[in-house]
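Raw run10.pdb, PDB, C-alpha atoms, pLDDT in the B column:
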MODEL        1
ATOM      1  CA  MET A  25    -241.981 -23.848 -15.281  1.00 56.00           C
ATOM      2  CA  ASP A  26    -244.787 -26.392 -15.397  1.00 63.00           C
ATOM      3  CA  ASN A  27    -245.066 -29.157 -12.800  1.00 69.00           C
ATOM      4  CA  GLN A  28    -243.703 -31.704 -15.287  1.00 77.00           C
ATOM      5  CA  ASN A  29    -240.321 -29.929 -15.329  1.00 89.00           C
ATOM      6  CA  LEU A  30    -239.937 -29.364 -11.589  1.00 93.00           C
ATOM      7  CA  LYS A  31    -236.981 -31.019  -9.873  1.00 92.00           C
ATOM      8  CA  LYS A  32    -237.739 -33.591  -7.196  1.00 93.00           C
ATOM      9  CA  THR A  33    -235.798 -34.375  -4.042  1.00 92.00           C
ATOM     10  CA  PRO A  34    -234.907 -38.015  -3.319  1.00 92.00           C
ATOM     11  CA  LEU A  35    -237.758 -38.009  -0.767  1.00 93.00           C
ATOM     12  CA  HIS A  36    -240.414 -36.902  -3.286  1.00 95.00           C
ATOM     13  CA  ALA A  37    -242.171 -40.290  -3.491  1.00 95.00           C
ATOM     14  CA  ALA A  38    -242.256 -40.535   0.322  1.00 94.00           C
ATOM     15  CA  HIS A  39    -243.886 -37.096   0.501  1.00 95.00           C
ATOM     16  CA  LEU A  40    -246.575 -38.187  -1.949  1.00 95.00           C
ATOM     17  CA  ARG A  41    -247.189 -41.460  -0.059  1.00 95.00           C
ATOM     18  CA  SER A  42    -247.555 -39.439   3.140  1.00 92.00           C
ATOM     19  CA  GLY A  43    -250.211 -37.194   1.633  1.00 94.00           C
ATOM     20  CA  ALA A  44    -248.175 -33.997   1.318  1.00 94.00           C
ATOM     21  CA  ARG A  45    -249.620 -31.039  -0.518  1.00 95.00           C
ATOM     22  CA  MET A  46    -246.895 -30.263  -3.062  1.00 95.00           C
ATOM     23  CA  VAL A  47    -246.170 -26.802  -4.485  1.00 94.00           C
ATOM     24  CA  PRO A  48    -243.596 -25.350  -6.900  1.00 93.00           C
ATOM     25  CA  PHE A  49    -240.743 -23.692  -5.018  1.00 89.00           C
ATOM     26  CA  GLY A  50    -237.657 -22.362  -6.793  1.00 83.00           C
ATOM     27  CA  GLY A  51    -237.933 -24.935  -9.574  1.00 88.00           C
ATOM     28  CA  TRP A  52    -238.598 -27.830  -7.160  1.00 91.00           C
ATOM     29  CA  ASP A  53    -241.762 -29.762  -6.341  1.00 95.00           C
ATOM     30  CA  MET A  54    -241.735 -29.367  -2.553  1.00 94.00           C
ATOM     31  CA  PRO A  55    -244.113 -30.361   0.257  1.00 93.00           C
ATOM     32  CA  VAL A  56    -245.794 -27.405   1.912  1.00 91.00           C
ATOM     33  CA  GLN A  57    -247.974 -29.219   4.428  1.00 91.00           C
ATOM     34  CA  TYR A  58    -249.453 -32.562   5.443  1.00 91.00           C
ATOM     35  CA  ALA A  59    -252.058 -32.271   8.199  1.00 88.00           C
ATOM     36  CA  GLY A  60    -252.676 -28.521   8.110  1.00 87.00           C
ATOM     37  CA  LEU A  61    -250.830 -25.487   9.436  1.00 88.00           C
ATOM     38  CA  LYS A  62    -252.258 -25.468  12.947  1.00 91.00           C
ATOM     39  CA  ALA A  63    -251.680 -29.190  13.557  1.00 89.00           C
ATOM     40  CA  GLU A  64    -248.156 -29.053  12.160  1.00 86.00           C
ATOM     41  CA  HIS A  65    -247.273 -25.923  14.136  1.00 86.00           C
ATOM     42  CA  GLN A  66    -248.484 -27.586  17.324  1.00 87.00           C
ATOM     43  CA  ALA A  67    -246.600 -30.796  16.523  1.00 83.00           C
ATOM     44  CA  VAL A  68    -243.310 -28.911  16.185  1.00 82.00           C
ATOM     45  CA  ARG A  69    -243.958 -26.929  19.376  1.00 82.00           C
ATOM     46  CA  GLU A  70    -244.725 -30.070  21.395  1.00 82.00           C
ATOM     47  CA  ASN A  71    -242.761 -32.807  19.640  1.00 82.00           C
ATOM     48  CA  VAL A  72    -240.555 -32.919  16.563  1.00 82.00           C
ATOM     49  CA  GLY A  73    -240.883 -31.581  13.019  1.00 83.00           C
ATOM     50  CA  MET A  74    -238.724 -32.776  10.154  1.00 85.00           C
ATOM     51  CA  PHE A  75    -238.334 -30.862   6.915  1.00 88.00           C
ATOM     52  CA  ASP A  76    -236.910 -32.017   3.599  1.00 92.00           C
ATOM     53  CA  VAL A  77    -234.321 -29.412   2.617  1.00 92.00           C
ATOM     54  CA  SER A  78    -232.600 -31.628   0.058  1.00 91.00           C
ATOM     55  CA  HIS A  79    -233.123 -28.956  -2.601  1.00 93.00           C
ATOM     56  CA  MET A  80    -230.460 -26.825  -0.910  1.00 94.00           C
ATOM     57  CA  GLY A  81    -226.955 -26.800  -2.393  1.00 94.00           C
ATOM     58  CA  GLN A  82    -224.114 -28.667  -0.710  1.00 95.00           C
ATOM     59  CA  PHE A  83    -220.442 -27.949  -1.338  1.00 97.00           C
ATOM     60  CA  ARG A  84    -217.628 -29.984   0.223  1.00 97.00           C
ATOM     61  CA  PHE A  85    -214.249 -28.424   1.023  1.00 98.00           C
ATOM     62  CA  SER A  86    -211.328 -30.620   2.022  1.00 97.00           C
ATOM     63  CA  GLY A  87    -207.580 -30.527   2.248  1.00 97.00           C
ATOM     64  CA  ALA A  88    -204.904 -28.768   4.240  1.00 97.00           C
ATOM     65  CA  GLY A  89    -206.099 -25.331   3.099  1.00 97.00           C
ATOM     66  CA  ALA A  90    -209.850 -25.879   3.521  1.00 98.00           C
ATOM     67  CA  LEU A  91    -210.086 -24.000   6.820  1.00 98.00           C
ATOM     68  CA  ASP A  92    -207.906 -21.118   5.591  1.00 98.00           C
ATOM     69  CA  PHE A  93    -210.041 -20.811   2.459  1.00 98.00           C
ATOM     70  CA  LEU A  94    -213.311 -20.757   4.419  1.00 98.00           C
ATOM     71  CA  GLN A  95    -211.841 -18.214   6.824  1.00 98.00           C
ATOM     72  CA  TYR A  96    -211.008 -16.056   3.796  1.00 97.00           C
ATOM     73  CA  VAL A  97    -214.426 -16.262   2.095  1.00 97.00           C
ATOM     74  CA  THR A  98    -216.681 -15.923   5.179  1.00 97.00           C
ATOM     75  CA  PRO A  99    -216.793 -13.400   8.059  1.00 96.00           C
ATOM     76  CA  ASN A 100    -217.570 -15.779  10.966  1.00 95.00           C
ATOM     77  CA  ASP A 101    -214.756 -17.760  12.583  1.00 97.00           C
ATOM     78  CA  VAL A 102    -214.913 -21.253  11.063  1.00 97.00           C
ATOM     79  CA  SER A 103    -211.992 -22.373  13.276  1.00 97.00           C
ATOM     80  CA  LYS A 104    -214.372 -22.443  16.258  1.00 96.00           C
ATOM     81  CA  LEU A 105    -216.291 -25.380  14.766  1.00 94.00           C
ATOM     82  CA  LYS A 106    -215.718 -28.912  15.994  1.00 92.00           C
ATOM     83  CA  PRO A 107    -216.381 -32.062  13.941  1.00 89.00           C
ATOM     84  CA  GLY A 108    -220.128 -32.597  13.606  1.00 86.00           C
ATOM     85  CA  ARG A 109    -220.967 -28.979  14.514  1.00 89.00           C
ATOM     86  CA  ALA A 110    -222.189 -26.114  12.341  1.00 90.00           C
ATOM     87  CA  HIS A 111    -222.811 -22.409  12.348  1.00 93.00           C
ATOM     88  CA  TYR A 112    -224.616 -19.782  10.325  1.00 94.00           C
ATOM     89  CA  ASN A 113    -222.403 -17.698   8.096  1.00 95.00           C
ATOM     90  CA  TRP A 114    -222.555 -15.764   4.852  1.00 95.00           C
ATOM     91  CA  LEU A 115    -220.655 -15.168   1.648  1.00 97.00           C
ATOM     92  CA  PRO A 116    -219.844 -11.495   1.183  1.00 96.00           C
ATOM     93  CA  ASN A 117    -218.969 -10.004  -2.181  1.00 93.00           C
ATOM     94  CA  ASP A 118    -215.953  -7.748  -2.700  1.00 90.00           C
ATOM     95  CA  GLN A 119    -218.031  -4.644  -1.880  1.00 92.00           C
ATOM     96  CA  GLY A 120    -219.174  -6.110   1.454  1.00 88.00           C
ATOM     97  CA  GLY A 121    -222.639  -6.970   0.157  1.00 94.00           C
ATOM     98  CA  LEU A 122    -224.266 -10.361   0.392  1.00 95.00           C
ATOM     99  CA  VAL A 123    -223.775 -13.158  -2.139  1.00 96.00           C
ATOM    100  CA  ASP A 124    -225.719 -15.664   0.014  1.00 96.00           C
ATOM    101  CA  ASP A 125    -226.343 -16.714   3.582  1.00 96.00           C
ATOM    102  CA  ILE A 126    -225.063 -20.200   4.334  1.00 96.00           C
ATOM    103  CA  PHE A 127    -224.426 -22.859   6.946  1.00 94.00           C
ATOM    104  CA  ILE A 128    -220.990 -24.412   7.376  1.00 96.00           C
ATOM    105  CA  TYR A 129    -220.572 -27.813   9.024  1.00 93.00           C
ATOM    106  CA  GLN A 130    -217.259 -29.305  10.031  1.00 94.00           C
ATOM    107  CA  ALA A 131    -217.648 -32.840   8.681  1.00 92.00           C
ATOM    108  CA  GLY A 132    -214.237 -34.058   9.834  1.00 91.00           C
ATOM    109  CA  GLU A 133    -210.592 -33.127  10.156  1.00 92.00           C
ATOM    110  CA  GLN A 134    -209.844 -30.702   7.278  1.00 95.00           C
ATOM    111  CA  GLU A 135    -213.312 -31.367   5.836  1.00 96.00           C
ATOM    112  CA  TYR A 136    -216.265 -28.979   5.707  1.00 97.00           C
ATOM    113  CA  LEU A 137    -219.725 -28.934   4.172  1.00 95.00           C
ATOM    114  CA  MET A 138    -221.358 -25.675   3.083  1.00 97.00           C
ATOM    115  CA  VAL A 139    -225.123 -25.556   2.605  1.00 95.00           C
ATOM    116  CA  VAL A 140    -226.312 -22.779   0.301  1.00 97.00           C
ATOM    117  CA  ASN A 141    -229.728 -21.614  -0.842  1.00 94.00           C
ATOM    118  CA  ALA A 142    -231.217 -23.653  -3.686  1.00 91.00           C
ATOM    119  CA  GLY A 143    -231.690 -20.675  -5.992  1.00 90.00           C
ATOM    120  CA  ASN A 144    -228.050 -19.624  -5.588  1.00 94.00           C
ATOM    121  CA  ILE A 145    -226.188 -22.895  -6.169  1.00 95.00           C
ATOM    122  CA  ALA A 146    -224.628 -21.941  -9.518  1.00 95.00           C
ATOM    123  CA  LYS A 147    -223.898 -18.337  -8.468  1.00 96.00           C
ATOM    124  CA  ASP A 148    -222.320 -19.386  -5.143  1.00 97.00           C
ATOM    125  CA  TRP A 149    -220.240 -22.129  -6.771  1.00 98.00           C
ATOM    126  CA  GLU A 150    -218.893 -19.696  -9.368  1.00 97.00           C
ATOM    127  CA  HIS A 151    -218.127 -17.124  -6.644  1.00 97.00           C
ATOM    128  CA  LEU A 152    -216.207 -19.662  -4.551  1.00 98.00           C
ATOM    129  CA  GLN A 153    -214.270 -21.065  -7.522  1.00 97.00           C
ATOM    130  CA  ALA A 154    -213.162 -17.544  -8.448  1.00 96.00           C
ATOM    131  CA  LEU A 155    -211.748 -17.064  -4.927  1.00 96.00           C
ATOM    132  CA  ALA A 156    -209.989 -20.438  -4.571  1.00 95.00           C
ATOM    133  CA  GLY A 157    -206.750 -19.170  -6.123  1.00 91.00           C
ATOM    134  CA  ASP A 158    -203.687 -20.771  -4.537  1.00 91.00           C
ATOM    135  CA  TYR A 159    -205.476 -22.300  -1.542  1.00 96.00           C
ATOM    136  CA  ASP A 160    -204.758 -25.988  -1.014  1.00 97.00           C
ATOM    137  CA  VAL A 161    -208.449 -26.895  -1.040  1.00 97.00           C
ATOM    138  CA  GLN A 162    -210.458 -29.451  -2.955  1.00 97.00           C
ATOM    139  CA  MET A 163    -213.963 -28.199  -3.723  1.00 98.00           C
ATOM    140  CA  THR A 164    -216.799 -30.490  -4.788  1.00 97.00           C
ATOM    141  CA  ASP A 165    -220.356 -29.539  -5.651  1.00 97.00           C
ATOM    142  CA  GLU A 166    -222.356 -32.393  -4.100  1.00 95.00           C
ATOM    143  CA  SER A 167    -225.739 -30.715  -4.468  1.00 92.00           C
ATOM    144  CA  ASP A 168    -227.317 -33.676  -6.281  1.00 86.00           C
ATOM    145  CA  GLN A 169    -225.861 -36.274  -3.896  1.00 87.00           C
ATOM    146  CA  TRP A 170    -227.459 -35.435  -0.562  1.00 84.00           C
ATOM    147  CA  VAL A 171    -230.679 -35.870   1.341  1.00 87.00           C
ATOM    148  CA  LEU A 172    -230.904 -33.148   3.978  1.00 87.00           C
ATOM    149  CA  ILE A 173    -233.403 -33.238   6.808  1.00 85.00           C
ATOM    150  CA  ALA A 174    -233.844 -30.223   9.075  1.00 83.00           C
ATOM    151  CA  VAL A 175    -235.177 -31.138  12.516  1.00 81.00           C
ATOM    152  CA  GLN A 176    -237.027 -28.690  14.745  1.00 78.00           C
ATOM    153  CA  ALA A 177    -237.934 -29.753  18.254  1.00 73.00           C
ATOM    154  CA  GLN A 178    -238.639 -26.675  20.327  1.00 68.00           C
ATOM    155  CA  GLY A 179    -240.867 -28.451  22.831  1.00 52.00           C
ATOM    156  CA  ARG A 180    -238.576 -31.448  23.344  1.00 55.00           C
ATOM    157  CA  ARG A 181    -235.381 -31.518  25.339  1.00 55.00           C
ATOM    158  CA  ASP A 182    -234.531 -35.109  24.461  1.00 60.00           C
ATOM    159  CA  VAL A 183    -233.886 -34.431  20.762  1.00 57.00           C
ATOM    160  CA  GLY A 184    -230.298 -33.903  19.709  1.00 53.00           C
ATOM    161  CA  PRO A 185    -227.025 -35.733  19.464  1.00 51.00           C
ATOM    162  CA  SER A 186    -227.199 -38.993  21.374  1.00 50.00           C
ATOM    163  CA  HIS A 187    -223.819 -38.411  23.038  1.00 38.00           C
ATOM    164  CA  ARG A 188    -225.322 -35.721  25.255  1.00 41.00           C
ATOM    165  CA  ARG A 189    -226.184 -37.006  28.700  1.00 41.00           C
ATOM    166  CA  ARG A 190    -228.331 -34.112  29.920  1.00 41.00           C
ATOM    167  CA  PRO A 191    -229.380 -31.808  27.096  1.00 41.00           C
ATOM    168  CA  ASP A 192    -230.446 -28.338  28.101  1.00 45.00           C
ATOM    169  CA  ARG A 193    -231.905 -25.452  26.123  1.00 43.00           C
ATOM    170  CA  ARG A 194    -228.506 -24.005  25.181  1.00 46.00           C
ATOM    171  CA  GLN A 195    -227.317 -27.351  23.822  1.00 44.00           C
ATOM    172  CA  THR A 196    -230.421 -28.210  21.825  1.00 41.00           C
ATOM    173  CA  GLN A 197    -230.340 -24.884  19.984  1.00 46.00           C
ATOM    174  CA  GLN A 198    -226.951 -25.670  18.498  1.00 50.00           C
ATOM    175  CA  LEU A 199    -226.525 -27.042  14.998  1.00 55.00           C
ATOM    176  CA  PHE A 200    -225.044 -30.416  14.267  1.00 53.00           C
ATOM    177  CA  CYS A 201    -224.699 -32.868  11.419  1.00 57.00           C
ATOM    178  CA  ARG A 202    -224.245 -36.584  11.298  1.00 57.00           C
ATOM    179  CA  PRO A 203    -224.051 -39.002   8.372  1.00 57.00           C
ATOM    180  CA  LEU A 204    -226.630 -41.781   8.534  1.00 51.00           C
ATOM    181  CA  ALA A 205    -226.590 -45.371   7.295  1.00 51.00           C
ATOM    182  CA  GLY A 206    -226.117 -45.580   3.565  1.00 51.00           C
ATOM    183  CA  SER A 207    -224.182 -42.299   3.360  1.00 45.00           C
TER
ENDMDL
END

Would you encode the structure as structure tokens?
Amino acid sequence: MDNQNLKKTPLHAAHLRSGARMVPFGGWDMPVQYAGLKAEHQAVRENVGMFDVSHMGQFRFSGAGALDFLQYVTPNDVSKLKPGRAHYNWLPNDQGGLVDDIFIYQAGEQEYLMVVNAGNIAKDWEHLQALAGDYDVQMTDESDQWVLIAVQAQGRRDVGPSHRRRPDRRQTQQLFCRPLAGS
């Protein structure tokens, strides 16, 4: 695929304005670095690094049967999530092999967001649709509707949900999601 046909995330123009070195990645024109590997590594270790992961797939599950469906299609206990929280999970196939590794976020009451690998969006969506059966779940592929930013802040204890009064290492390693203005 030539660079003319690469997909672009909604943040593509901002990456270019910021001087990113862009490379083809899974059919997308993605930033690989800005200031250089050593400087960026150090920045994440001491401060905060943000990464555009908008190329990833996003599926929304809602309805009275959303939790039951996700419990059926994944091995980790989705019922342990609280609104705004997430965990790592995976989609097994019927032989116990791996379809994809994923993240599941509880977006609200009876509402979940699944983030899948960019190269597996179509395959994962087809797999999940085939398993939906009689579950009372509404499934929506929202992969082209989201901007996703991954934040890494290993060297900072003050990064994380603002409702935390005294973040500690255990809290800042947890995954969370929050809609921002305009969402």

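CA of Gln130 in chain A sits 20.3 Å away from CA of His79 in chain A.
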
Matched chain/residue IDs from the PyMOL selection byres ((chain A and resi 158) around 12), as a short mmCIF file (atom, residue, chain, number, x, y, z; two decimals) with C-alpha atoms, in the frame of the given file:
data_model
loop_
_atom_site.label_atom_id
_atom_site.label_comp_id
_atom_site.auth_asym_id
_atom_site.auth_seq_id
_atom_site.Cartn_x
_atom_site.Cartn_y
_atom_site.Cartn_z
CA ALA A 88 -204.90 -28.77 4.24
CA GLY A 89 -206.10 -25.33 3.10
CA ALA A 90 -209.85 -25.88 3.52
CA ASP A 92 -207.91 -21.12 5.59
CA PHE A 93 -210.04 -20.81 2.46
CA GLN A 153 -214.27 -21.06 -7.52
CA ALA A 154 -213.16 -17.54 -8.45
CA LEU A 155 -211.75 -17.06 -4.93
CA ALA A 156 -209.99 -20.44 -4.57
CA GLY A 157 -206.75 -19.17 -6.12
CA TYR A 159 -205.48 -22.30 -1.54
CA ASP A 160 -204.76 -25.99 -1.01
CA VAL A 161 -208.45 -26.90 -1.04
CA GLN A 162 -210.46 -29.45 -2.96
#

Grab the CA of Val139 in chain A to CA of Lys62 in chain A distance for me, in Å with one decimal place. 29.0 Å

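Excluding Thr33 in chain A itself and any same-chain residue fewer than 4 positions from it, the protein and nucleic acid residues within 9 Å of it, counting all atoms listed in the file, are Ala37, Trp52, Asp53, Met54, Asp76, Val77, Ser78, His79, Asp168 and Val171 of chain A.
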
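Here CA of Tyr136 in chain A stands at a distance of 29.3 Å from CA of Leu30 in chain A.
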
Residues within 8 Å of Val175 in chain A, all atoms listed in the file, excluding chain neighbours under 5 positions, as a VMD selection string: chain A and resid 72 to 75

Keeping only C-alpha atoms, write those residues as an mmCIF file, keeping the file's coordinate frame.
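Result went into selection-v4.cif, see below:
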data_model
loop_
_atom_site.group_PDB
_atom_site.id
_atom_site.type_symbol
_atom_site.label_atom_id
_atom_site.label_comp_id
_atom_site.auth_asym_id
_atom_site.auth_seq_id
_atom_site.Cartn_x
_atom_site.Cartn_y
_atom_site.Cartn_z
ATOM 1 C CA VAL A 72 -240.555 -32.919 16.563
ATOM 2 C CA GLY A 73 -240.883 -31.581 13.019
ATOM 3 C CA MET A 74 -238.724 -32.776 10.154
ATOM 4 C CA PHE A 75 -238.334 -30.862 6.915
#

The residue from A:Ala63, A:Lys32, A:Ile173, A:Gly108 with the smallest atom-to-atom distance to Glu135 in chain A, counting only C-alpha atoms, is A:Gly108

Local residues around (-248.3, -32.1, 5.3), at most 12 Å away, using only C-alpha atoms, as a PDB file with C-alpha atoms, in the coordinates of the input:
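Result saved to selection.pdb:
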ATOM      1  CA  ALA A  38    -242.256 -40.535   0.322  1.00 94.00           C
ATOM      2  CA  HIS A  39    -243.886 -37.096   0.501  1.00 95.00           C
ATOM      3  CA  LEU A  40    -246.575 -38.187  -1.949  1.00 95.00           C
ATOM      4  CA  ARG A  41    -247.189 -41.460  -0.059  1.00 95.00           C
ATOM      5  CA  SER A  42    -247.555 -39.439   3.140  1.00 92.00           C
ATOM      6  CA  GLY A  43    -250.211 -37.194   1.633  1.00 94.00           C
ATOM      7  CA  ALA A  44    -248.175 -33.997   1.318  1.00 94.00           C
ATOM      8  CA  ARG A  45    -249.620 -31.039  -0.518  1.00 95.00           C
ATOM      9  CA  MET A  46    -246.895 -30.263  -3.062  1.00 95.00           C
ATOM     10  CA  VAL A  47    -246.170 -26.802  -4.485  1.00 94.00           C
ATOM     11  CA  MET A  54    -241.735 -29.367  -2.553  1.00 94.00           C
ATOM     12  CA  PRO A  55    -244.113 -30.361   0.257  1.00 93.00           C
ATOM     13  CA  VAL A  56    -245.794 -27.405   1.912  1.00 91.00           C
ATOM     14  CA  GLN A  57    -247.974 -29.219   4.428  1.00 91.00           C
ATOM     15  CA  TYR A  58    -249.453 -32.562   5.443  1.00 91.00           C
ATOM     16  CA  ALA A  59    -252.058 -32.271   8.199  1.00 88.00           C
ATOM     17  CA  GLY A  60    -252.676 -28.521   8.110  1.00 87.00           C
ATOM     18  CA  LEU A  61    -250.830 -25.487   9.436  1.00 88.00           C
ATOM     19  CA  LYS A  62    -252.258 -25.468  12.947  1.00 91.00           C
ATOM     20  CA  ALA A  63    -251.680 -29.190  13.557  1.00 89.00           C
ATOM     21  CA  GLU A  64    -248.156 -29.053  12.160  1.00 86.00           C
ATOM     22  CA  HIS A  65    -247.273 -25.923  14.136  1.00 86.00           C
ATOM     23  CA  ALA A  67    -246.600 -30.796  16.523  1.00 83.00           C
ATOM     24  CA  GLY A  73    -240.883 -31.581  13.019  1.00 83.00           C
ATOM     25  CA  MET A  74    -238.724 -32.776  10.154  1.00 85.00           C
ATOM     26  CA  PHE A  75    -238.334 -30.862   6.915  1.00 88.00           C
ATOM     27  CA  ASP A  76    -236.910 -32.017   3.599  1.00 92.00           C
TER      28      ASP A  76
END

Any chance you could resolve the PyMOL selection byres ((chain A and resi 118) around 12) against this file and give the residues as a PyMOL selection string? chain A and resi 96-98+115-117+119-123+151+154-155

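Here the question is which of A:Leu152, A:Ala142, A:Ala131, A:Ala177 gets nearest to Pro107 in chain A using all atoms listed in the file, and that residue is A:Ala131.
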
With all atoms listed in the file as the basis for distance, which of A:Val68, A:Leu91, A:Ser103, A:Gly132 is at the shortest distance from Ala174 in chain A? A:Val68

Could you check the closest approach to Asn100 in chain A for each of A:Gly87, A:Ser167, A:Asp125, A:Lys147 and tell me which residue wins, using all atoms listed in the file? A:Asp125

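Proximity of A:Arg84, A:Arg109, A:Lys104, A:Lys31 to Met138 in chain A, computed with all atoms listed in the file, is greatest for A:Arg84.
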
Which residues would end up in the selection if the PyMOL selection byres ((chain A and resi 141) around 10) were applied here, given that I need the answer as an NGL selection string? :A and (50 or 77 or 79-82 or 124-127 or 139-140 or 142-145 or 148)
